Amino acid sequence: MRNMADSMAQGEPEALSAGAPALPAWKSWTAAVCAVLLALLMLVAGVWKTTDPLAAAVRMTQALIPGPLSLPVALFAGVGEIFCGVLLLVPRWRRWGAWLTGLAMAAFMVYMGWNYQALAGEECNCFPWVKRAVGPAFFIGDAVMLAMSLAAGVWSRPPEGMKRALAALGAIVVFAGVTYGVIAMRETGARAPATVLVDGKAWPLSEGKVFVYFFDPQCMHCYRAAEEMGKYRWKNTRVLVAPTVNPQWTERFLSDTGLKAPFTTEGEALKKTFPFVDPPFGVALDGGRQVKTFPFFDGQEPASSLKAFGFIE
């Protein structure tokens with residue numbers, strides 16, 4: 001009886017009830033600190049992806065995820081990161097969160113290693129506000145986070161309460177779905193300015209069908225997209241291009257790509273109405289109101305949607 005009382009006084013009943021020896025205090029503290037730091041990273045990254053999925057999808061395409069898959073991948077990653085963050089913060093779920101985080105980090109490192117030649121030197125943008133170029137230091141940083149997840153998993157208490165953890169996952173999925181629904185509603189119906197300046201004259205955006213193409217003259221993806229659009233058979237549609245930088249190179253860009261269209265230098269003003277992350281980006285207007293935006297120019301898009309809306313034959 002005396003030995004049991006001494007053990008309880010030393011704060012060991014949890015370990016005894018679990019049938020496992022108590023860990024040294026430094027291991028428990030290390031696991032907790034690693035878990036909290038990783039949770040903060042996961043939560044920030046996940047909330048950003050779920051509250052701004054279109055921007056996250058653009059980043060996915062820059063990381064060589066195919067355009068049609070970029071949005072689903074961004075939402076899936078966002079939900080997963082939030083879930084990992086929540087698991088890491090709750091002591092009884094921490095080990096599960098650590099193993100899931102470690103698995104995600106390992107898979108991410110394998111993917112980036114596989115595509116290293118194509119992505120070397122590019123900004124990762126895995127976490128908002130954190131700029132990390134793909135290179136040796138990039139993998140060192142990820143290896144440190146992987147080690148932190150292992151420490152948090154090995155030195156945490158045995159997990160319990162799976163039903164409640166799954167309920168938390170369900171709540172996160174609902175949050176992501178509602179957020180995306182609100183953003184999707186905003187993607188249609190925006191009203192364009194009545195006119196923009198083209199060659200010093202007012203050019204109407206509120207008359208008939210108009211397709212506005214935002215581009216960077218030095219962007220090869222923009223160049224290839226413009227070449228494809230130069231082959232479209234436009235159907236009662238006026239095309240307007242808006243350079244995001246270096247407008248002095250627009251005429252050369254149009255000549256080289258074969259895209260016949262007037263251009264406006266009021267791209268920044270239009271971007272406030274139709275916000276996007278990086279070009280190429282397109283907006284289909286009908287009667288001055290936004291019908292659809294095109295953040296991706298891959299595969300069948302935007303040709304498939306433009307044909308469905310009657311913009312091209």
# chains A, B, ... in the order shown; residues from 1 in each chain; ligands from 1
>>> select_by_dssp(residues="range 73-145 of chain A", states="alpha helix (DSSP H)", output="PyMOL selection string")
chain A and resi 73-89+94-114+116-119+136-145
>>> select_by_dssp(residues="range 123-299 of chain A", states="strand (DSSP E)", output="VMD selection string")
chain A and resid 195 to 198 201 to 204 209 to 215 237 to 243 281 to 286 289 to 294
>>> residues_around(residues="range 131-138 of chain A", least_positions_apart="3", cutoff="12 Å", atoms="only C-alpha atoms", output="PyMOL selection string")
chain A and resi 63+108-109+111-113+115-128+141-145
>>> residues_around(residues="range 290-292 of chain A", least_positions_apart="5", cutoff="10 Å", atoms="only C-alpha atoms", output="PyMOL selection string")
chain A and resi 186-192+209-211+273-274+282-285+302+305-306+309
>>> write_last_selection(atoms="N, CA and C atoms", output="CSV table (one decimal), in the first residue's frame")
chain,number,residue,atom,x,y,z
A,186,ARG,N,-19.1,32.9,-55.2
A,186,ARG,CA,-18.5,34.2,-55.6
A,186,ARG,C,-17.8,34.2,-57.0
A,187,GLU,N,-17.5,33.0,-57.5
A,187,GLU,CA,-16.8,32.9,-58.7
A,187,GLU,C,-17.7,33.2,-59.9
A,188,THR,N,-19.0,33.3,-59.7
A,188,THR,CA,-20.0,33.6,-60.8
A,188,THR,C,-20.8,34.8,-60.4
A,189,GLY,N,-21.1,35.6,-61.4
A,189,GLY,CA,-22.0,36.7,-61.2
A,189,GLY,C,-21.3,38.1,-60.9
A,190,ALA,N,-20.0,38.1,-60.8
A,190,ALA,CA,-19.3,39.4,-60.6
A,190,ALA,C,-19.5,40.3,-61.8
A,191,ARG,N,-19.7,41.6,-61.5
A,191,ARG,CA,-20.0,42.6,-62.5
A,191,ARG,C,-18.7,43.3,-62.9
A,192,ALA,N,-18.4,43.2,-64.2
A,192,ALA,CA,-17.2,43.9,-64.8
A,192,ALA,C,-17.4,45.4,-64.9
A,209,LYS,N,-20.8,38.8,-75.5
A,209,LYS,CA,-19.8,37.9,-74.9
A,209,LYS,C,-18.4,38.4,-75.0
A,210,VAL,N,-17.6,38.4,-73.9
A,210,VAL,CA,-16.3,38.9,-73.9
A,210,VAL,C,-15.4,37.9,-73.1
A,211,PHE,N,-14.2,37.6,-73.7
A,211,PHE,CA,-13.3,36.8,-72.9
A,211,PHE,C,-12.0,37.6,-72.7
A,273,THR,N,-11.5,43.3,-59.6
A,273,THR,CA,-12.8,42.7,-59.7
A,273,THR,C,-12.8,41.2,-59.9
A,274,PHE,N,-11.7,40.7,-60.6
A,274,PHE,CA,-11.6,39.3,-60.8
A,274,PHE,C,-10.2,38.8,-60.2
A,282,GLY,N,-8.2,33.6,-67.1
A,282,GLY,CA,-9.2,34.0,-68.0
A,282,GLY,C,-10.5,34.2,-67.3
A,283,VAL,N,-11.3,35.2,-67.9
A,283,VAL,CA,-12.7,35.4,-67.4
A,283,VAL,C,-13.6,35.5,-68.6
A,284,ALA,N,-14.7,34.7,-68.5
A,284,ALA,CA,-15.7,34.8,-69.6
A,284,ALA,C,-16.9,35.7,-69.1
A,285,LEU,N,-17.2,36.7,-69.8
A,285,LEU,CA,-18.3,37.6,-69.5
A,285,LEU,C,-19.4,37.5,-70.5
A,302,PRO,N,-9.3,25.9,-71.4
A,302,PRO,CA,-10.7,26.4,-71.2
A,302,PRO,C,-11.6,26.0,-72.4
A,305,SER,N,-15.1,24.3,-71.6
A,305,SER,CA,-16.1,25.2,-71.0
A,305,SER,C,-16.6,26.3,-71.9
A,306,LEU,N,-15.6,26.9,-72.7
A,306,LEU,CA,-16.0,28.0,-73.6
A,306,LEU,C,-16.9,27.5,-74.7
A,309,PHE,N,-20.5,27.1,-73.1
A,309,PHE,CA,-21.1,28.4,-72.9
A,309,PHE,C,-21.4,29.2,-74.2
>>> residues_around(residues="Lys201 in chain A", least_positions_apart="3", cutoff="12 Å", atoms="only C-alpha atoms", output="PyMOL selection string")
chain A and resi 195-198+204+262-265
>>> write_last_selection(atoms="N, CA and C atoms", output="PDB file, in the first residue's frame")
ATOM      1  N   THR A 195     -16.504  49.842 -68.905  1.00  0.00           N
ATOM      2  CA  THR A 195     -15.525  49.985 -69.987  1.00  0.00           C
ATOM      3  C   THR A 195     -14.116  49.953 -69.425  1.00  0.00           C
ATOM      4  N   VAL A 196     -13.156  49.679 -70.314  1.00  0.00           N
ATOM      5  CA  VAL A 196     -11.732  49.832 -70.006  1.00  0.00           C
ATOM      6  C   VAL A 196     -11.112  50.593 -71.169  1.00  0.00           C
ATOM      7  N   LEU A 197      -9.932  51.117 -70.949  1.00  0.00           N
ATOM      8  CA  LEU A 197      -9.261  51.862 -72.007  1.00  0.00           C
ATOM      9  C   LEU A 197      -8.460  50.933 -72.915  1.00  0.00           C
ATOM     10  N   VAL A 198      -8.680  51.075 -74.205  1.00  0.00           N
ATOM     11  CA  VAL A 198      -7.922  50.364 -75.227  1.00  0.00           C
ATOM     12  C   VAL A 198      -7.495  51.404 -76.255  1.00  0.00           C
ATOM     13  N   PRO A 204     -16.053  48.686 -74.442  1.00  0.00           N
ATOM     14  CA  PRO A 204     -17.134  48.161 -73.592  1.00  0.00           C
ATOM     15  C   PRO A 204     -16.935  46.693 -73.202  1.00  0.00           C
ATOM     16  N   PRO A 262      -7.308  43.008 -79.113  1.00  0.00           N
ATOM     17  CA  PRO A 262      -6.814  44.282 -78.564  1.00  0.00           C
ATOM     18  C   PRO A 262      -6.349  44.066 -77.138  1.00  0.00           C
ATOM     19  N   PHE A 263      -5.580  45.003 -76.613  1.00  0.00           N
ATOM     20  CA  PHE A 263      -5.123  44.844 -75.235  1.00  0.00           C
ATOM     21  C   PHE A 263      -5.333  46.128 -74.451  1.00  0.00           C
ATOM     22  N   THR A 264      -5.522  45.942 -73.160  1.00  0.00           N
ATOM     23  CA  THR A 264      -5.689  47.056 -72.243  1.00  0.00           C
ATOM     24  C   THR A 264      -4.566  47.033 -71.220  1.00  0.00           C
ATOM     25  N   THR A 265      -4.173  48.204 -70.775  1.00  0.00           N
ATOM     26  CA  THR A 265      -3.153  48.299 -69.722  1.00  0.00           C
ATOM     27  C   THR A 265      -3.796  48.469 -68.348  1.00  0.00           C
TER      28      THR A 265
END
>>> residues_around(residues="Ala31 in chain A", least_positions_apart="5", cutoff="7 Å", atoms="only C-alpha atoms", output="ChimeraX atom specification")
/A:151-152,155-156
>>> closest_residue(among="A:Ile82, A:Val154, A:Leu100, A:Leu38", to="Gly170 in chain A", atoms="only C-alpha atoms")
A:Ile82
>>> atom_distance(atom1="CA of Glu160 in chain A", atom2="CA of Val47 in chain A")
25.4 Å
>>> closest_residue(among="A:Ala74, A:Ala56, A:Gly161, A:Val33", to="Trp96 in chain A", atoms="only C-alpha atoms")
A:Gly161
>>> atom_distance(atom1="CA of Phe215 in chain A", atom2="CA of Asp278 in chain A")
8.5 Å
